[in-house]
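Reviewing the structure listed below.
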Amino acid sequence: MTIAARMKELGVTLPKLTPPKFSYVPTTRAGNLLFVAGQIPQWEGEVRHKGRLGAGLTLEEGQAAAKLCALNLLAHVQAALGDLDQVERFLRVGVFVASTPEWVDTPKVANGASDLLAELFGESGKHARTTVGVASLPFGVCVEVDAIVALRS
Amino acid sequence: MTIAARMKELGVTLPKLTPPKFSYVPTTRAGNLLFVAGQIPQWEGEVRHKGRLGAGLTLEEGQAAAKLCALNLLAHVQAALGDLDQVERFLRVGVFVASTPEWVDTPKVANGASDLLAELFGESGKHARTTVGVASLPFGVCVEVDAIVALRS
Amino acid sequence: MTIAARMKELGVTLPKLTPPKFSYVPTTRAGNLLFVAGQIPQWEGEVRHKGRLGAGLTLEEGQAAAKLCALNLLAHVQAALGDLDQVERFLRVGVFVASTPEWVDTPKVANGASDLLAELFGESGKHARTTVGVASLPFGVCVEVDAIVALRS
């Protein structure tokens, strides 16, 4: 089954991409490695999920934000490769969660992104992950997710 | 001398690994690159060194935490490769230190991990390092360490 | 035009490098990938731009700090490769900005580094970027920048 078919089956829709606002690009490639810029929870240009975990936001909202970051990440991978079936493996996923010092459930927040990748890609979606709680994120969002991806040669 | 022999000489023991608790994996590989997930200071499932630098923890405790993160990192590299002699080079090590805004000795904390790698692996253990102070870390620990490792082909 | 000529044209001067103070190295290489350690805003050993965004520092000062980090990064790439024309692509740039929770203009701060790379290297300078606001940085500086670079083979 293609990833596109799997997405349809699971009811997963990717956002349309908006042009980057700053002097960098969403993806770069070297050989069979694809580097994806940090993605924030936005839907087609509309920034969502502002705030910090431990200061008003619930775990569920954090997880939804992480999932939305992952959808944007997938949209950029798809735009770079043509289709998502070129993905051999999500190698490394970085998850940054805007948190108070007291909030320590960052891994559960990050699962919002990790679970989606595993659900869509199976073993290929299982990645080494680094999850940290940070002081603030661009535009005040609560989660940012980046990735390094191995491509089929 | 093998790394195992060097560890014995230095009295370094690696922890037994516990199964990951979330939907990701400890290591991924692409060609001769190994990506290791962020490791926290735990000993065989028991989480240690909770708290933040600048808010009660001493530099020495931070360094011990960083060293324990590195031991878990090495245990996962060993589990992935069979033995640690397959390591050609620790390329990049990320060290995240839970800190108050006033705590700026993060590099000294990070040395708890870096020194161990250099001690065990010599030149191969010397890595490019990124060290930052963050708001919070998983389970409330004070240090997290991840790595990208080059393997002998 | 060589990058050295382009730097001259733009009036960009790189700092002389000072020996690293800790047990790590500024760059490591695997195949055609170069990993550059997190760089702080220093000029030939003199640390500059201390403080946090949102707590007294202006956006302009943050951008100047990010640019100075990038200059140090370029100096290390040049030291590793002999000349900067060996750079094929800046693949991934990480920008860490010491911030209060309320400061959310981290991408604008990061542009201080990104714009310099694009200005000097054109398309090759355009990178995937991850920008986060952190609690504290080494020596109390306000920005830290690291990179993964693809080299011409």
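Identifiers for the structure tokens are assigned positionally: chains receive A, B, ... in sequence, residues are indexed from 1 per chain, and ligands are indexed from 1 in the order shown.
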Close residues, range 87-103 of chain C itself excluded, 7 Å, only C-alpha atoms, min 2 positions apart in chain, as a PDB file with C-alpha atoms, in the first residue's frame:
```pdb
ATOM      1  CA  THR A  28      17.717  20.387   1.915  1.00  0.00           C
ATOM      2  CA  ARG A  29      19.198  17.193   0.556  1.00  0.00           C
ATOM      3  CA  PHE A  35      16.898  17.602   6.308  1.00  0.00           C
ATOM      4  CA  ALA A 135      11.475  28.707  26.960  1.00  0.00           C
ATOM      5  CA  SER A 136       9.682  29.917  23.840  1.00  0.00           C
TER       6      SER A 136
ATOM      7  CA  ARG C  52      18.322  37.408  26.923  1.00  0.00           C
ATOM      8  CA  LEU C  53      15.844  38.561  24.314  1.00  0.00           C
ATOM      9  CA  GLY C  54      12.777  39.900  26.038  1.00  0.00           C
ATOM     10  CA  ALA C  55      14.843  40.948  29.062  1.00  0.00           C
ATOM     11  CA  LEU C  84      34.919  28.050   1.840  1.00  0.00           C
ATOM     12  CA  ASP C  85      34.490  27.138  -1.828  1.00  0.00           C
ATOM     13  CA  ASP C 105      10.493  36.771  17.516  1.00  0.00           C
ATOM     14  CA  THR C 106      13.245  34.146  17.510  1.00  0.00           C
ATOM     15  CA  ALA C 110      17.947  33.857  13.566  1.00  0.00           C
ATOM     16  CA  SER C 124      24.219  26.986  -1.338  1.00  0.00           C
ATOM     17  CA  GLY C 125      23.727  29.120   1.751  1.00  0.00           C
ATOM     18  CA  LYS C 126      20.000  28.431   2.021  1.00  0.00           C
ATOM     19  CA  HIS C 127      19.475  25.878   4.752  1.00  0.00           C
ATOM     20  CA  ALA C 128      16.786  24.008   6.623  1.00  0.00           C
ATOM     21  CA  ARG C 129      16.593  25.809   9.934  1.00  0.00           C
ATOM     22  CA  THR C 130      15.429  24.999  13.453  1.00  0.00           C
ATOM     23  CA  THR C 131      14.979  28.012  15.729  1.00  0.00           C
ATOM     24  CA  VAL C 132      14.042  27.778  19.404  1.00  0.00           C
ATOM     25  CA  GLY C 133      14.064  30.043  22.437  1.00  0.00           C
ATOM     26  CA  VAL C 134      16.032  28.547  25.329  1.00  0.00           C
ATOM     27  CA  ALA C 135      16.459  29.272  29.035  1.00  0.00           C
ATOM     28  CA  SER C 136      20.183  30.020  28.973  1.00  0.00           C
ATOM     29  CA  LEU C 137      23.280  29.645  26.833  1.00  0.00           C
ATOM     30  CA  CYS C 142      22.031  35.411  23.789  1.00  0.00           C
ATOM     31  CA  VAL C 143      22.482  33.261  20.651  1.00  0.00           C
ATOM     32  CA  GLU C 144      24.157  29.995  19.677  1.00  0.00           C
ATOM     33  CA  VAL C 145      24.320  28.594  16.125  1.00  0.00           C
ATOM     34  CA  ASP C 146      25.401  25.167  14.877  1.00  0.00           C
ATOM     35  CA  ALA C 147      25.356  23.564  11.422  1.00  0.00           C
ATOM     36  CA  ILE C 148      25.602  20.481   9.266  1.00  0.00           C
ATOM     37  CA  VAL C 149      27.271  21.215   5.920  1.00  0.00           C
ATOM     38  CA  ALA C 150      27.532  19.213   2.702  1.00  0.00           C
ATOM     39  CA  LEU C 151      30.940  19.366   0.991  1.00  0.00           C
ATOM     40  CA  ARG C 152      31.808  19.073  -2.675  1.00  0.00           C
TER      41      ARG C 152
END
```
Residues within 10 Å of Ala4 in chain A, please, as a short mmCIF file (atom, residue, chain, number, x, y, z; two decimals) with N, CA and C atoms, in the first residue's frame. Count only C-alpha atoms; anything in the same chain fewer than 4 positions from it doesn't count.
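The resulting file, selection-v4.cif, is reproduced below:
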```
data_model
loop_
_atom_site.label_atom_id
_atom_site.label_comp_id
_atom_site.auth_asym_id
_atom_site.auth_seq_id
_atom_site.Cartn_x
_atom_site.Cartn_y
_atom_site.Cartn_z
N LYS A 8 -5.18 8.07 3.27
CA LYS A 8 -6.61 8.13 2.97
C LYS A 8 -7.38 7.22 3.92
N GLU A 9 -6.85 6.02 4.11
CA GLU A 9 -7.49 5.04 4.99
C GLU A 9 -7.63 5.56 6.42
N LEU A 10 -6.58 6.29 6.86
CA LEU A 10 -6.59 6.81 8.24
C LEU A 10 -7.23 8.20 8.33
N VAL A 12 -6.06 10.99 7.08
CA VAL A 12 -5.05 12.02 7.32
C VAL A 12 -4.92 12.92 6.08
N THR A 13 -5.07 14.21 6.26
CA THR A 13 -4.93 15.16 5.16
C THR A 13 -3.77 16.10 5.44
N ASP A 83 6.51 12.03 -3.80
CA ASP A 83 5.59 11.24 -2.97
C ASP A 83 6.31 10.70 -1.76
N LEU A 84 5.52 10.32 -0.77
CA LEU A 84 6.10 9.92 0.52
C LEU A 84 6.66 8.49 0.51
N ASP A 85 6.42 7.77 -0.58
CA ASP A 85 6.95 6.41 -0.67
C ASP A 85 8.45 6.38 -0.88
N LEU A 120 1.58 5.85 10.04
CA LEU A 120 1.58 5.97 8.58
C LEU A 120 2.68 5.13 7.93
#
```
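Note that the spacing between CA of Gln78 in chain A and CA of Leu14 in chain A amounts to 9.5 Å.
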Could you please write out, as a ChimeraX atom specification, every residue of chain B that DSSP assigns to strand (DSSP E or B)? /B:27-30,33-39,42-43,46-47,50,53,57,87-99,128-134,136,141,143-151
Extract, using only C-alpha atoms, all DNA, RNA and protein residues at most 8 Å from Ser23 in chain A, discarding same-chain residues fewer than 3 positions from it, and format them as a VMD selection string. (chain A and resid 20) or (chain C and resid 111 114 to 115 118 126)
Residue nearest chain A among B:Asn72, B:Thr18, B:Ala113, B:Lys50 (counting only C-alpha atoms): B:Lys50
Could you go through range 17-148 of chain B and tell me which residues DSSP, when run on the backbone, assigns to alpha helix (DSSP H), listing them as a ChimeraX atom specification? /B:59-81,106-121
With N, CA and C atoms retained, could you export that selection as a short mmCIF file (atom, residue, chain, number, x, y, z; two decimals), in the first residue's frame?
```cif
data_model
loop_
_atom_site.label_atom_id
_atom_site.label_comp_id
_atom_site.auth_asym_id
_atom_site.auth_seq_id
_atom_site.Cartn_x
_atom_site.Cartn_y
_atom_site.Cartn_z
N LEU B 59 27.04 21.83 40.29
CA LEU B 59 27.75 21.52 39.04
C LEU B 59 28.14 20.05 39.01
N GLU B 60 28.62 19.53 40.13
CA GLU B 60 29.07 18.14 40.19
C GLU B 60 27.92 17.17 39.90
N GLU B 61 26.73 17.51 40.42
CA GLU B 61 25.59 16.64 40.17
C GLU B 61 25.19 16.70 38.68
N GLY B 62 25.28 17.89 38.10
CA GLY B 62 25.00 18.02 36.68
C GLY B 62 25.98 17.21 35.84
N GLN B 63 27.25 17.24 36.23
CA GLN B 63 28.25 16.47 35.49
C GLN B 63 28.03 14.97 35.63
N ALA B 64 27.64 14.54 36.83
CA ALA B 64 27.35 13.11 37.03
C ALA B 64 26.15 12.70 36.17
N ALA B 65 25.17 13.59 36.07
CA ALA B 65 23.99 13.31 35.23
C ALA B 65 24.39 13.20 33.77
N ALA B 66 25.23 14.12 33.31
CA ALA B 66 25.67 14.09 31.91
C ALA B 66 26.44 12.81 31.61
N LYS B 67 27.27 12.39 32.57
CA LYS B 67 28.03 11.14 32.39
C LYS B 67 27.09 9.94 32.31
N LEU B 68 26.06 9.95 33.15
CA LEU B 68 25.10 8.83 33.13
C LEU B 68 24.31 8.82 31.81
N CYS B 69 23.97 9.98 31.30
CA CYS B 69 23.34 10.05 29.97
C CYS B 69 24.26 9.40 28.94
N ALA B 70 25.56 9.73 29.01
CA ALA B 70 26.51 9.19 28.04
C ALA B 70 26.64 7.68 28.17
N LEU B 71 26.56 7.16 29.38
CA LEU B 71 26.63 5.71 29.57
C LEU B 71 25.44 5.02 28.91
N ASN B 72 24.26 5.62 29.05
CA ASN B 72 23.09 5.07 28.37
C ASN B 72 23.23 5.17 26.86
N LEU B 73 23.79 6.26 26.40
CA LEU B 73 24.04 6.44 24.97
C LEU B 73 24.98 5.34 24.47
N LEU B 74 26.05 5.09 25.20
CA LEU B 74 27.00 4.04 24.80
C LEU B 74 26.34 2.66 24.83
N ALA B 75 25.50 2.44 25.82
CA ALA B 75 24.82 1.14 25.91
C ALA B 75 23.95 0.91 24.67
N HIS B 76 23.31 1.98 24.18
CA HIS B 76 22.47 1.83 22.98
C HIS B 76 23.32 1.68 21.72
N VAL B 77 24.44 2.37 21.67
CA VAL B 77 25.33 2.20 20.51
C VAL B 77 25.84 0.76 20.49
N GLN B 78 26.23 0.25 21.66
CA GLN B 78 26.71 -1.13 21.75
C GLN B 78 25.62 -2.12 21.35
N ALA B 79 24.39 -1.86 21.81
CA ALA B 79 23.28 -2.76 21.47
C ALA B 79 23.02 -2.75 19.96
N ALA B 80 23.20 -1.59 19.34
CA ALA B 80 22.93 -1.48 17.90
C ALA B 80 24.03 -2.12 17.06
N LEU B 81 25.27 -2.07 17.53
CA LEU B 81 26.41 -2.45 16.70
C LEU B 81 27.05 -3.78 17.11
N THR B 106 26.69 25.75 31.52
CA THR B 106 26.26 24.54 30.81
C THR B 106 27.43 23.78 30.17
N PRO B 107 28.44 24.47 29.62
CA PRO B 107 29.55 23.69 29.03
C PRO B 107 30.25 22.79 30.05
N LYS B 108 30.40 23.29 31.28
CA LYS B 108 31.06 22.46 32.30
C LYS B 108 30.20 21.24 32.65
N VAL B 109 28.89 21.43 32.68
CA VAL B 109 27.99 20.29 32.90
C VAL B 109 28.18 19.28 31.76
N ALA B 110 28.19 19.78 30.53
CA ALA B 110 28.29 18.92 29.36
C ALA B 110 29.59 18.12 29.34
N ASN B 111 30.63 18.66 29.96
CA ASN B 111 31.91 17.94 30.01
C ASN B 111 31.77 16.58 30.68
N GLY B 112 30.78 16.43 31.54
CA GLY B 112 30.55 15.12 32.16
C GLY B 112 30.33 14.04 31.11
N ALA B 113 29.70 14.41 29.99
CA ALA B 113 29.52 13.46 28.87
C ALA B 113 30.74 13.47 27.95
N SER B 114 31.20 14.66 27.59
CA SER B 114 32.30 14.75 26.61
C SER B 114 33.58 14.11 27.11
N ASP B 115 33.89 14.34 28.38
CA ASP B 115 35.13 13.78 28.92
C ASP B 115 35.13 12.26 28.88
N LEU B 116 33.96 11.67 29.18
CA LEU B 116 33.88 10.20 29.15
C LEU B 116 34.15 9.67 27.75
N LEU B 117 33.55 10.32 26.75
CA LEU B 117 33.74 9.86 25.37
C LEU B 117 35.21 9.98 24.95
N ALA B 118 35.83 11.10 25.30
CA ALA B 118 37.24 11.30 24.94
C ALA B 118 38.14 10.30 25.67
N GLU B 119 37.79 10.02 26.92
CA GLU B 119 38.58 9.11 27.75
C GLU B 119 38.53 7.68 27.19
N LEU B 120 37.35 7.28 26.74
CA LEU B 120 37.18 5.92 26.25
C LEU B 120 37.64 5.75 24.81
N PHE B 121 37.38 6.75 23.97
CA PHE B 121 37.57 6.58 22.52
C PHE B 121 38.73 7.39 21.98
#
```
Counting only C-alpha atoms, which of B:Val47, B:Leu57, B:Val104, B:Ala30 gets nearest to chain C?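 Closest candidate: B:Val104.
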For Glu46 in chain B, list every protein, DNA or RNA residue within 12 Å, evaluated using only C-alpha atoms, and leave out those in the same chain fewer than 3 positions away; present the list as a ChimeraX atom specification. /B:15-18,40-43,49-50,68,72,139,141
Given only C-alpha atoms as the basis, pick out the residue of A:Gly122, A:Gly38, A:Gly56, A:Gly51 nearest to chain C.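 The answer is A:Gly38, which sits nearest to chain C.
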Please compute the CA of Ser153 in chain A-CA of Leu33 in chain B distance, one decimal, in Å.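 Distance reported for this atom pair: 15.6 Å.
Using only C-alpha atoms, the nearest neighbour of Gln86 in chain C within the list C:Asn32, C:Ala5, C:Gly11, C:Val25 is C:Asn32.
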Record the distance separating CA of Glu123 in chain A and CA of Tyr24 in chain B, expressed in Å with one decimal. 9.6 Å
